[in-house]
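Raw protein.txt, compact mmCIF, C-alpha atoms and all ligand atoms:
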# COMPACT_ATOMS: atom_id res chain seq x y z
CA MET A 28 167.18 -120.77 36.68
CA GLU A 29 165.65 -117.38 37.13
CA ASN A 30 167.16 -116.14 33.91
CA MET A 31 165.65 -118.99 31.94
CA ASP A 32 162.20 -118.06 33.25
CA ARG A 33 162.68 -114.52 32.09
CA LEU A 34 164.06 -115.64 28.75
CA ASN A 35 161.05 -117.90 28.15
CA ALA A 36 158.64 -115.17 29.18
CA GLU A 37 160.29 -112.63 26.90
CA TRP A 38 160.53 -115.02 24.00
CA VAL A 39 156.97 -116.29 24.08
CA SER A 40 155.66 -112.73 24.44
CA LEU A 41 157.87 -111.50 21.63
CA ASN A 42 156.37 -114.15 19.38
CA ALA A 43 152.90 -112.96 20.31
CA PHE A 44 153.86 -109.34 19.56
CA ARG A 45 155.19 -110.51 16.24
CA GLY A 46 151.92 -112.31 15.53
CA LEU A 47 150.12 -109.07 16.34
CA SER A 48 152.37 -107.08 14.00
CA LYS A 49 151.74 -109.56 11.19
CA ILE A 50 148.00 -109.19 11.38
CA ALA A 51 148.02 -105.43 11.95
CA SER A 52 150.48 -104.77 9.10
CA GLN A 53 148.70 -107.18 6.76
CA GLY A 54 151.74 -109.41 6.52
CA ASP A 55 154.35 -106.70 5.93
CA MET A 56 157.64 -108.59 6.25
CA VAL A 57 159.69 -105.65 7.53
CA LYS A 58 157.12 -104.23 9.92
CA SER A 59 156.61 -107.65 11.44
CA ASN A 60 160.23 -108.73 11.80
CA TYR A 61 161.51 -109.70 15.23
CA ASP A 62 163.41 -106.46 15.84
CA ASN A 63 160.40 -104.27 15.16
CA ALA A 64 158.13 -106.50 17.20
CA LEU A 65 160.62 -106.31 20.07
CA GLN A 66 160.60 -102.53 19.85
CA LEU A 67 156.81 -102.43 19.96
CA GLY A 68 156.77 -104.87 22.87
CA GLY A 69 159.24 -102.69 24.77
CA ALA A 70 157.05 -99.63 24.24
CA VAL A 71 153.84 -101.19 25.51
CA TYR A 72 155.24 -103.62 28.09
CA PRO A 73 158.47 -102.03 29.35
CA GLU A 74 158.66 -104.18 32.50
CA LEU A 75 159.26 -107.21 30.31
CA LEU A 76 160.74 -105.99 27.03
CA GLY A 77 162.09 -102.54 27.93
CA ASP A 78 165.61 -101.52 26.97
CA ASP A 79 167.13 -101.73 30.43
CA VAL A 80 165.59 -105.04 31.51
CA SER A 81 165.15 -107.27 28.46
CA ILE A 82 167.69 -110.07 28.02
CA LEU A 83 166.73 -110.46 24.38
CA LYS A 84 167.27 -106.78 23.70
CA ARG A 85 170.63 -106.77 25.36
CA GLU A 86 171.75 -109.63 23.13
CA ARG A 87 170.50 -107.91 19.99
CA GLU A 88 172.85 -104.98 20.55
CA SER A 89 175.95 -104.65 18.42
CA ASP A 90 179.30 -105.61 19.92
CA THR A 91 180.32 -101.96 19.88
CA ALA A 92 177.28 -100.88 21.88
CA LYS A 93 177.93 -103.64 24.39
CA GLU A 94 181.59 -102.61 24.65
CA TYR A 95 180.72 -99.00 25.47
CA LYS A 96 178.15 -100.01 28.04
CA GLN A 97 180.67 -102.25 29.77
CA LYS A 98 183.27 -99.52 29.60
CA ALA A 99 180.85 -96.99 31.09
CA ARG A 100 179.96 -99.29 33.95
CA LEU A 101 183.56 -99.83 34.99
CA SER A 102 184.56 -96.21 34.38
CA SER A 103 181.77 -95.17 36.75
CA ILE A 104 183.30 -97.30 39.48
CA ARG A 105 186.83 -96.09 38.77
CA ASP A 106 185.90 -92.41 38.73
CA SER A 107 183.27 -92.66 41.50
CA LYS A 108 180.71 -90.82 39.35
CA VAL A 109 178.17 -91.76 36.73
CA VAL A 110 179.83 -92.16 33.36
CA GLU A 111 177.35 -92.60 30.52
CA ALA A 112 178.14 -94.88 27.59
CA ILE A 113 176.88 -92.20 25.24
CA GLU A 114 179.44 -89.67 26.53
CA LEU A 115 182.29 -92.10 25.92
CA LEU A 116 180.96 -92.82 22.47
CA LYS A 117 180.57 -89.17 21.51
CA LYS A 118 184.11 -88.48 22.63
CA ASP A 119 185.50 -91.23 20.41
CA ILE A 120 183.27 -90.25 17.52
CA SER A 121 184.65 -86.72 17.55
CA GLU A 122 188.18 -88.07 17.66
CA TYR A 123 187.62 -90.26 14.58
CA GLU A 124 185.77 -87.49 12.79
CA GLY A 125 188.68 -85.16 13.52
CA LEU A 126 191.24 -87.60 12.15
CA LEU A 127 189.20 -88.29 9.05
CA SER A 128 188.79 -84.59 8.35
CA ILE A 129 192.57 -84.40 8.13
CA ALA A 130 192.52 -87.17 5.55
CA GLU A 131 189.85 -85.22 3.69
CA ALA A 132 192.06 -82.12 3.66
CA GLU A 133 195.02 -83.94 2.19
CA ARG A 134 192.89 -85.66 -0.42
CA ASP A 135 195.75 -86.31 -2.83
CA SER A 136 197.53 -88.52 -0.36
CA LYS A 137 197.39 -92.21 -1.17
CA GLN A 138 197.44 -93.14 2.52
CA ARG A 139 194.62 -95.47 3.43
CA VAL A 140 192.01 -94.61 6.09
CA ASP A 141 189.60 -97.48 5.46
CA GLN A 142 189.90 -98.95 8.98
CA LEU A 143 189.15 -95.60 10.58
CA LYS A 144 186.08 -95.16 8.39
CA LYS A 145 184.91 -98.63 9.28
CA LYS A 146 185.35 -97.97 12.96
CA LEU A 147 183.51 -94.65 12.74
CA GLY A 148 180.63 -96.43 11.02
CA GLN A 149 180.38 -98.86 13.95
CA LEU A 150 180.45 -95.97 16.42
CA TYR A 151 177.59 -94.20 14.61
CA LYS A 152 175.52 -97.35 14.68
CA ALA A 153 176.21 -97.91 18.38
CA LYS A 154 175.25 -94.28 19.06
CA GLU A 155 171.87 -94.85 17.44
CA GLU A 156 171.37 -97.93 19.57
CA ILE A 157 172.37 -96.35 22.85
CA GLU A 158 171.03 -92.84 22.52
CA PRO A 159 167.59 -92.52 24.10
CA GLU A 160 166.23 -90.66 21.07
CA GLY A 161 167.45 -93.52 18.95
CA HIS A 162 164.59 -95.51 20.43
CA SER A 163 162.07 -92.77 20.10
CA GLU A 164 158.46 -93.49 19.42
CA ASN A 165 158.67 -92.42 15.81
CA GLN A 166 160.74 -95.51 15.22
CA LEU A 167 157.90 -97.79 16.19
CA ILE A 168 156.35 -99.77 13.38
CA PHE A 169 152.96 -98.18 13.96
CA ARG A 170 152.52 -94.48 14.59
CA ASP A 171 150.55 -93.28 17.56
CA ALA A 172 147.02 -92.19 16.78
CA TYR A 173 145.80 -89.23 18.81
CA ASN A 174 142.35 -88.00 19.69
CA VAL A 175 140.55 -91.05 18.47
CA GLU A 176 136.93 -90.26 19.16
CA ARG A 177 135.13 -93.43 18.33
CA VAL A 178 133.84 -95.33 21.30
CA ILE A 179 134.10 -99.08 21.12
CA PRO A 180 133.13 -101.46 23.88
CA THR A 181 135.86 -103.10 25.84
CA LEU A 182 136.00 -105.68 28.54
CA ALA A 183 139.25 -104.30 29.89
CA GLU A 184 137.80 -101.11 31.28
CA GLY A 185 140.22 -99.21 33.45
CA LYS A 186 143.29 -100.73 31.82
CA GLY A 187 145.41 -98.18 30.02
CA TYR A 188 145.57 -98.44 26.27
CA ARG A 189 147.47 -96.93 23.40
CA ASP A 190 146.05 -96.19 19.94
CA PHE A 191 148.06 -96.78 16.80
CA GLU A 192 147.48 -95.84 13.18
CA LEU A 193 147.52 -98.85 10.91
CA PRO A 194 148.66 -98.90 7.27
CA ASN A 195 145.05 -99.59 6.19
CA ASP A 196 143.94 -96.30 7.81
CA LYS A 197 142.26 -98.05 10.66
CA VAL A 198 143.13 -97.65 14.32
CA MET A 199 144.44 -100.36 16.60
CA ARG A 200 143.71 -99.96 20.29
CA LEU A 201 146.23 -101.98 22.23
CA ARG A 202 146.23 -103.15 25.81
CA VAL A 203 148.63 -105.50 27.50
CA LEU A 204 147.41 -107.34 30.59
CA HIS A 205 149.89 -109.42 32.49
CA PRO A 206 150.75 -111.08 35.80
CA ASP A 207 152.31 -108.80 38.41
CA ARG A 208 155.51 -110.77 38.42
CA ILE A 209 157.54 -111.84 35.41
CA GLU A 210 158.17 -115.29 36.90
CA HIS A 211 154.45 -116.02 36.92
CA ILE A 212 154.24 -115.77 33.15
CA THR A 213 153.52 -119.19 31.63
CA GLY A 214 152.76 -118.10 28.08
CA ALA A 215 151.18 -115.36 26.03
CA ASP A 216 147.82 -114.88 24.36
CA LEU A 217 147.04 -112.66 21.44
CA ILE A 218 143.45 -111.58 21.09
CA TYR A 219 142.61 -109.60 17.99
CA GLU A 220 139.19 -108.08 17.48
CA ARG A 221 138.19 -106.64 14.15
CA HIS A 222 135.33 -104.23 14.50
CA SER A 223 132.78 -102.91 12.06
CA PRO A 224 131.67 -100.04 14.28
CA ALA A 225 128.95 -98.86 11.89
CA ASP A 226 126.88 -102.02 12.34
CA GLU A 227 128.31 -102.84 15.77
CA LYS A 228 129.73 -106.20 14.74
CA VAL A 229 133.03 -107.78 15.60
CA SER A 230 135.05 -110.83 14.60
CA ILE A 231 137.74 -112.28 16.88
CA VAL A 232 140.73 -114.50 16.67
CA ALA A 233 142.74 -115.66 19.68
CA VAL A 234 146.11 -117.36 19.68
CA GLN A 235 147.68 -119.10 22.63
CA TYR A 236 151.50 -119.04 22.48
CA LYS A 237 153.18 -121.84 24.37
CA ILE A 238 156.78 -122.96 24.44
CA TRP A 239 157.61 -126.48 23.30
CA GLU A 240 160.89 -128.33 22.94
CA LYS A 241 162.00 -130.49 20.03
CA ARG A 242 158.62 -129.88 18.41
CA LEU A 243 156.85 -131.82 21.09
CA MET A 244 154.42 -130.64 23.75
CA TYR A 245 153.26 -132.67 26.72
CA LEU A 246 149.56 -132.31 27.35
CA SER A 247 149.78 -133.51 30.91
CA ASP A 248 150.39 -130.25 32.73
CA GLU A 249 147.16 -129.46 34.57
CA ARG A 250 147.69 -125.75 34.42
CA MET A 251 148.31 -125.82 30.71
CA LEU A 252 145.25 -127.95 30.04
CA GLY A 253 143.28 -125.49 32.12
CA GLN A 254 144.46 -122.64 29.94
CA ILE A 255 143.54 -124.44 26.75
CA GLU A 256 140.18 -125.40 28.15
CA LYS A 257 139.53 -121.82 29.16
CA MET A 258 140.18 -120.62 25.65
CA GLU A 259 138.17 -123.43 24.13
CA LYS A 260 135.22 -122.51 26.31
CA PHE A 261 135.71 -118.91 25.46
CA LEU A 262 135.69 -119.31 21.70
CA CYS A 263 134.99 -122.86 20.49
CA SER A 264 132.21 -124.29 22.57
CA GLU A 265 128.60 -123.12 22.53
CA GLY A 266 128.46 -123.41 18.78
CA LYS A 267 130.89 -120.59 18.19
CA CYS A 268 132.91 -122.85 15.86
CA ASP A 269 130.04 -124.01 13.71
CA SER A 270 129.77 -122.68 10.22
CA ASP A 271 127.05 -120.21 9.61
CA ALA A 272 124.55 -120.89 6.87
CA GLU A 273 124.23 -117.17 6.24
CA ASP A 274 127.91 -116.96 5.36
CA HIS A 275 128.14 -115.83 1.81
CA GLY A 276 131.11 -117.14 -0.05
CA TYR A 277 133.70 -119.64 1.02
CA ARG A 278 134.95 -119.79 4.55
CA PHE A 279 136.65 -122.17 6.94
CA PRO A 280 134.75 -123.49 9.95
CA CYS A 281 134.57 -120.70 12.48
CA CYS A 282 137.26 -121.83 14.85
CA ALA A 283 138.63 -118.68 16.41
CA ALA A 284 141.09 -120.08 18.93
CA PHE A 285 144.47 -121.40 17.97
CA LEU A 286 147.44 -122.94 19.73
CA ARG A 287 150.77 -121.72 18.45
CA PRO A 288 153.67 -123.82 19.79
CA THR A 289 156.83 -121.76 20.02
CA ASP A 290 160.28 -123.33 19.78
CA LYS A 291 162.26 -122.85 22.97
CA LEU A 292 165.28 -120.57 22.75
CA GLN A 293 168.27 -122.36 24.18
CA LYS A 294 170.23 -119.18 24.80
CA PRO A 295 169.48 -115.49 24.39
CA ASP A 296 171.95 -114.81 21.60
CA GLN A 297 170.60 -117.54 19.38
CA ALA A 298 169.02 -116.63 16.03
CA PHE A 299 165.34 -115.78 16.52
CA MET A 300 163.33 -118.50 14.85
CA SER A 301 160.37 -120.68 15.60
CA THR A 302 157.96 -123.10 14.04
CA GLY A 303 154.92 -121.01 13.14
CA GLU A 304 152.15 -123.60 13.09
CA HIS A 305 148.71 -122.48 14.28
CA LEU A 306 146.53 -125.39 15.36
CA PRO A 307 142.80 -124.84 15.97
CA ILE A 308 142.30 -125.54 19.65
CA CYS A 309 139.29 -127.76 19.07
CA LYS A 310 141.50 -129.99 16.87
CA ILE A 311 144.08 -130.71 19.58
CA ASP A 312 142.30 -133.87 20.71
CA GLY A 313 142.30 -135.23 17.18
CA CYS A 314 146.05 -134.68 16.78
CA LYS A 315 147.41 -135.83 20.08
CA SER A 316 149.24 -139.11 20.53
CA ARG A 317 150.72 -141.23 23.30
CA GLY A 318 154.21 -140.28 24.40
CA GLN A 319 156.51 -141.81 26.96
CA ARG A 320 154.82 -143.32 30.02
CA GLY A 321 151.46 -142.98 28.35
CA ALA A 322 151.24 -139.20 28.59
CA ASP A 323 149.37 -137.32 25.88
CA VAL A 324 151.65 -135.38 23.59
CA LEU A 325 151.27 -133.06 20.65
CA GLU A 326 153.87 -133.58 17.96
CA TYR A 327 154.66 -131.51 14.93
CA LYS A 328 154.32 -134.42 12.53
CA ASN A 329 150.81 -135.18 13.73
CA MET A 330 149.52 -131.63 13.54
CA LYS A 331 151.12 -130.20 10.44
CA ASN A 332 148.41 -131.44 8.10
CA ILE A 333 145.75 -129.54 10.02
CA SER A 334 147.61 -126.52 11.30
CA LEU A 335 148.18 -123.27 9.40
CA SER A 336 151.58 -121.65 8.88
CA SER A 337 151.87 -118.10 10.24
CA GLU A 338 151.65 -116.64 6.72
CA MET A 339 148.48 -118.60 5.96
CA PHE A 340 147.06 -117.72 9.33
CA GLU A 341 147.55 -113.97 8.90
CA TYR A 342 146.29 -113.99 5.32
CA LEU A 343 143.18 -116.01 6.01
CA PHE A 344 142.19 -113.94 9.04
CA ASN A 345 142.73 -110.69 7.21
CA LYS A 346 140.56 -112.03 4.36
CA GLY A 347 137.83 -113.01 6.80
CA LYS A 348 138.19 -116.74 6.06
CA ILE A 349 139.07 -117.75 9.62
CA GLY A 350 138.29 -116.27 13.00
CA SER A 351 134.93 -116.12 14.71
CA LYS A 352 131.79 -115.32 12.81
CA GLU A 353 130.62 -111.77 13.20
CA MET A 354 129.16 -111.16 16.60
CA SER A 355 127.08 -108.36 18.00
CA TYR A 356 128.50 -106.21 20.76
CA SER A 357 126.24 -107.82 23.34
CA GLU A 358 127.41 -111.30 22.33
CA LEU A 359 130.94 -110.03 22.67
CA SER A 360 130.56 -108.89 26.24
CA GLU A 361 128.81 -112.10 27.12
CA LEU A 362 131.75 -114.02 25.71
CA TYR A 363 134.50 -112.17 27.45
CA ARG A 364 133.09 -112.05 30.88
CA ASP A 365 136.05 -112.52 33.22
CA PHE A 366 138.23 -114.10 30.54
CA LEU A 367 140.79 -111.32 30.21
CA VAL A 368 141.29 -110.72 33.89
CA GLU A 369 141.43 -114.40 34.81
CA THR A 370 143.84 -115.28 32.06
CA SER A 371 146.18 -112.39 32.71
CA SER A 372 146.98 -113.69 36.18
CA GLU A 373 149.25 -116.27 34.57
CA ARG A 374 149.71 -115.19 30.97
CA VAL A 375 150.58 -112.07 29.05
CA VAL A 376 147.44 -111.03 27.20
CA ILE A 377 147.97 -108.82 24.19
CA TYR A 378 144.55 -107.45 23.49
CA ALA A 379 144.09 -105.57 20.24
CA GLN A 380 140.97 -103.97 18.82
CA GLU A 381 141.04 -102.81 15.23
CA PHE A 382 138.36 -100.36 14.09
ZN ZN B 401 137.16 -124.27 17.54
Will you turn the file into structure tokens for me?
Ligand SMILES: [Zn+2]
Amino acid sequence: MENMDRLNAEWVSLNAFRGLSKIASQGDMVKSNYDNALQLGGAVYPELLGDDVSILKRERESDTAKEYKQKARLSSIRDSKVVEAIELLKKDISEYEGLLSIAEAERDSKQRVDQLKKKLGQLYKAKEEIEPEGHSENQLIFRDAYNVERVIPTLAEGKGYRDFELPNDKVMRLRVLHPDRIEHITGADLIYERHSPADEKVSIVAVQYKIWEKRLMYLSDERMLGQIEKMEKFLCSEGKCDSDAEDHGYRFPCCAAFLRPTDKLQKPDQAFMSTGEHLPICKIDGCKSRGQRGADVLEYKNMKNISLSSEMFEYLFNKGKIGSKEMSYSELSELYRDFLVETSSERVVIYAQEF
């Protein structure tokens, strides 16, 4: 089931990109919809979510776009030369435009042309989808930021990044670390750092995205437990979760690591939807129950009283009510040591720094 592996990898990563877009856009519903998140994912991780490889993207195309791509593929074989879908489309568009201009000229005529207009509309839309410029960078939800001069520390030195302008006038520096091979992807992590560069402080939240089925997750997989433990060590243990007496105002306990179960997609053309619960990782033990054959399981009904919906999660982090307490830059580097590199050997790590 090679295709299922790819589908799971794409889907879990797409959910993480969507989580990123929600935080970075401060909950903007349009900017953080699945289509825009998919576009962003394709731009920064083309091997997984790029136009020519992604199963999810292919299924999101209109029927007309699919038709022209299929037609181009077979025409290429028939004519023994490369026939591009866009050429075929442009040819048909000019034919319909030509016919409709005749209708325009004989305006008084009562003859109907509604079907031709409808068809032309579909062709225009397909052209936007297929044409390379249709996917240009200016269509991304966040605009590129150039010549950003501020230096902020990073633990992913040497990994390429891309800077984006955020709606709140800050900059988001984005890196994606991932396994070499798509089939090694077992999930996705989102790590979001919010910097206050002036006083060299930073607050972090990390979310581990993991596919579950029928709102139930077995906690028996060694590898999975290892991943959770790694994140717990990274952010929860060593007192990182404790509340801070100095905290002025109201705040949740400092848990900064969350598990976000993601509903499995049964097939690529299914509506994109998932449960959005975010469960603090250090609360997993308190929520788990016994499943079949005595295995530990995590069930929706046992976690929903503690977990946060994705809207609550985004809002509370952006208001500074959840996430780690503010750390100094030296604490930060201490914390991260090896985490990013180790984790990215089996998971997609979406690593964002806002400053
Ligand atoms: Zn915690």
Q. Closest to ligand ZN 401 (chain B) among A:Tyr356, A:Phe279, A:Tyr363, A:Phe382, using only C-alpha atoms and all ligand atoms?
A. A:Phe279
(Q) Which residues are near range 226-235 of chain A? Cut-off 10 Å, only C-alpha atoms, ignore same chain within fewer than 4 positions. Put them as a PyMOL selection string. (A) chain A and resi 39+43+46-47+179-180+214-222+254-255+258+261-262+281-289+305-308+344+347+349-359+374-382
Q: To one decimal in Å, tell me the separation between CA of Arg45 in chain A and CA of Ala64 in chain A.
A: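 Those two atoms sit 5.1 Å apart.
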Q: Could you tell me how far CA of Lys241 in chain A lies from CA of Leu83 in chain A, in Å and to one decimal?
A: 21.0 Å
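CA of Pro194 in chain A sits 6.4 Å away from CA of Ser52 in chain A.
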**Q.** Contacts of Lys197 in chain A at 10 Å (only C-alpha atoms; same-chain gap of 4+ positions) as number ranges by chain
**A.** A: 51, 172, 191-193, 381-382
Deliver the residues from the most recent selection as a file, using C-alpha atoms, as a compact mmCIF listing (two decimals), keeping the file's coordinate frame.
# COMPACT_ATOMS: atom_id res chain seq x y z
CA ALA A 51 148.02 -105.43 11.95
CA ALA A 172 147.02 -92.19 16.78
CA PHE A 191 148.06 -96.78 16.80
CA GLU A 192 147.48 -95.84 13.18
CA LEU A 193 147.52 -98.85 10.91
CA GLU A 381 141.04 -102.81 15.23
CA PHE A 382 138.36 -100.36 14.09
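Counting all atoms listed in the file and comparing A:Met251, A:Leu34, A:Leu292, A:Ile168, the residue that lies closest to Gly68 in chain A is A:Ile168.
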Taking (168.7, -107.3, 30.1) in the file's coordinates, which residues come within 12 Å, counting all atoms listed in the file, written as an mmCIF file with C-alpha atoms, in the coordinates of the input?
data_model
loop_
_atom_site.group_PDB
_atom_site.id
_atom_site.type_symbol
_atom_site.label_atom_id
_atom_site.label_comp_id
_atom_site.auth_asym_id
_atom_site.auth_seq_id
_atom_site.Cartn_x
_atom_site.Cartn_y
_atom_site.Cartn_z
ATOM 1 C CA ASN A 30 167.160 -116.140 33.910
ATOM 2 C CA ARG A 33 162.680 -114.520 32.090
ATOM 3 C CA LEU A 34 164.060 -115.640 28.750
ATOM 4 C CA GLU A 37 160.290 -112.630 26.900
ATOM 5 C CA GLY A 69 159.240 -102.690 24.770
ATOM 6 C CA PRO A 73 158.470 -102.030 29.350
ATOM 7 C CA GLU A 74 158.660 -104.180 32.500
ATOM 8 C CA LEU A 75 159.260 -107.210 30.310
ATOM 9 C CA LEU A 76 160.740 -105.990 27.030
ATOM 10 C CA GLY A 77 162.090 -102.540 27.930
ATOM 11 C CA ASP A 78 165.610 -101.520 26.970
ATOM 12 C CA ASP A 79 167.130 -101.730 30.430
ATOM 13 C CA VAL A 80 165.590 -105.040 31.510
ATOM 14 C CA SER A 81 165.150 -107.270 28.460
ATOM 15 C CA ILE A 82 167.690 -110.070 28.020
ATOM 16 C CA LEU A 83 166.730 -110.460 24.380
ATOM 17 C CA LYS A 84 167.270 -106.780 23.700
ATOM 18 C CA ARG A 85 170.630 -106.770 25.360
ATOM 19 C CA GLU A 86 171.750 -109.630 23.130
ATOM 20 C CA ARG A 87 170.500 -107.910 19.990
ATOM 21 C CA GLU A 88 172.850 -104.980 20.550
ATOM 22 C CA LYS A 93 177.930 -103.640 24.390
ATOM 23 C CA PRO A 295 169.480 -115.490 24.390
ATOM 24 C CA ASP A 296 171.950 -114.810 21.600
#
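With distances restricted to all atoms listed in the file, A:Lys267 is the closest residue to ligand ZN 401 (chain B) from A:Lys267, A:Cys314, A:Lys118, A:Lys346.
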(Q) When you count all atoms listed in the file, which of these residues is closest to ligand ZN 401 (chain B): A:Lys328, A:Arg139, A:Lys260, A:Lys291? (A)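 Distance minimum relative to ligand ZN 401 (chain B) lands on A:Lys260.
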Q: Tell me which of A:Leu367, A:Val71, A:Leu362, A:Ala225 sits closest to Leu201 in chain A, counting only C-alpha atoms.
A: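 The shortest atom-to-atom distance to Leu201 in chain A comes from A:Val71.
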Q. Quick one: of A:Lys49, A:Leu150, A:Glu111, A:Phe44, who's nearest to Asp90 in chain A, counting all atoms listed in the file?
A. A:Leu150
Q. If you count all atoms listed in the file, which residues fall within 12 Å of Arg320 in chain A, apart from same-chain ones fewer than 4 positions away, as number ranges by chain?
A. A: 245, 247, 316, 324
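Excluding Glu210 in chain A itself and same-chain residues fewer than 2 positions from it, the residues having an atom within 7 Å of it are Asp32, Arg33, Arg208 and Ile212 of chain A, counting all atoms listed in the file.
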Q | Shell around Ala153 in chain A at 6 Å using all atoms listed in the file, local window under 2 positions removed, as a PyMOL selection string | A | chain A and resi 91-92+150-151+155-156
Can I get a file of range 321-375 of chain A from the given structure, C-alpha atoms kept, as a JSON list (two decimals), in the first residue's frame?
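Output (result-v2.json):
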[["chain", "number", "residue", "atom", "x", "y", "z"],
["A", 321, "GLY", "CA", -5.26, -4.89, 27.54],
["A", 322, "ALA", "CA", -3.43, -2.40, 25.34],
["A", 323, "ASP", "CA", -3.40, 1.25, 26.36],
["A", 324, "VAL", "CA", -5.57, 3.41, 24.15],
["A", 325, "LEU", "CA", -6.42, 7.06, 23.88],
["A", 326, "GLU", "CA", -10.06, 7.71, 23.05],
["A", 327, "TYR", "CA", -11.78, 10.90, 22.08],
["A", 328, "LYS", "CA", -14.40, 10.61, 24.80],
["A", 329, "ASN", "CA", -11.77, 10.36, 27.51],
["A", 330, "MET", "CA", -9.68, 13.30, 26.36],
["A", 331, "LYS", "CA", -12.21, 15.85, 25.21],
["A", 332, "ASN", "CA", -12.68, 17.38, 28.64],
["A", 333, "ILE", "CA", -9.00, 18.20, 28.90],
["A", 334, "SER", "CA", -8.02, 18.85, 25.31],
["A", 335, "LEU", "CA", -8.35, 22.16, 23.46],
["A", 336, "SER", "CA", -10.10, 22.59, 20.12],
["A", 337, "SER", "CA", -7.90, 24.03, 17.36],
["A", 338, "GLU", "CA", -9.60, 27.43, 17.65],
["A", 339, "MET", "CA", -9.01, 27.56, 21.41],
["A", 340, "PHE", "CA", -5.48, 26.35, 20.95],
["A", 341, "GLU", "CA", -4.55, 29.05, 18.43],
["A", 342, "TYR", "CA", -6.27, 31.79, 20.40],
["A", 343, "LEU", "CA", -4.74, 30.89, 23.73],
["A", 344, "PHE", "CA", -1.22, 30.58, 22.33],
["A", 345, "ASN", "CA", -1.49, 33.86, 20.48],
["A", 346, "LYS", "CA", -2.68, 35.49, 23.73],
["A", 347, "GLY", "CA", 0.25, 34.02, 25.64],
["A", 348, "LYS", "CA", -1.99, 31.86, 27.86],
["A", 349, "ILE", "CA", -0.48, 28.54, 26.79],
["A", 350, "GLY", "CA", 2.92, 27.54, 25.48],
["A", 351, "SER", "CA", 6.18, 27.51, 27.38],
["A", 352, "LYS", "CA", 7.08, 30.27, 29.77],
["A", 353, "GLU", "CA", 9.49, 32.79, 28.36],
["A", 354, "MET", "CA", 12.96, 31.38, 28.08],
["A", 355, "SER", "CA", 16.31, 32.99, 27.52],
["A", 356, "TYR", "CA", 18.22, 32.19, 24.35],
["A", 357, "SER", "CA", 20.70, 30.07, 26.26],
["A", 358, "GLU", "CA", 17.90, 28.00, 27.80],
["A", 359, "LEU", "CA", 16.51, 27.58, 24.32],
["A", 360, "SER", "CA", 19.67, 26.10, 22.87],
["A", 361, "GLU", "CA", 20.03, 23.84, 25.87],
["A", 362, "LEU", "CA", 16.51, 22.59, 25.26],
["A", 363, "TYR", "CA", 16.80, 21.87, 21.61],
["A", 364, "ARG", "CA", 20.06, 20.09, 21.58],
["A", 365, "ASP", "CA", 19.70, 17.32, 19.00],
["A", 366, "PHE", "CA", 15.91, 17.37, 19.13],
["A", 367, "LEU", "CA", 15.26, 18.71, 15.64],
["A", 368, "VAL", "CA", 17.73, 16.53, 13.84],
["A", 369, "GLU", "CA", 16.79, 13.36, 15.70],
["A", 370, "THR", "CA", 13.09, 13.86, 15.26],
["A", 371, "SER", "CA", 13.30, 14.70, 11.59],
["A", 372, "SER", "CA", 14.68, 11.26, 10.77],
["A", 373, "GLU", "CA", 11.16, 9.89, 11.13],
["A", 374, "ARG", "CA", 8.84, 12.88, 11.18],
["A", 375, "VAL", "CA", 8.27, 16.03, 9.20]]
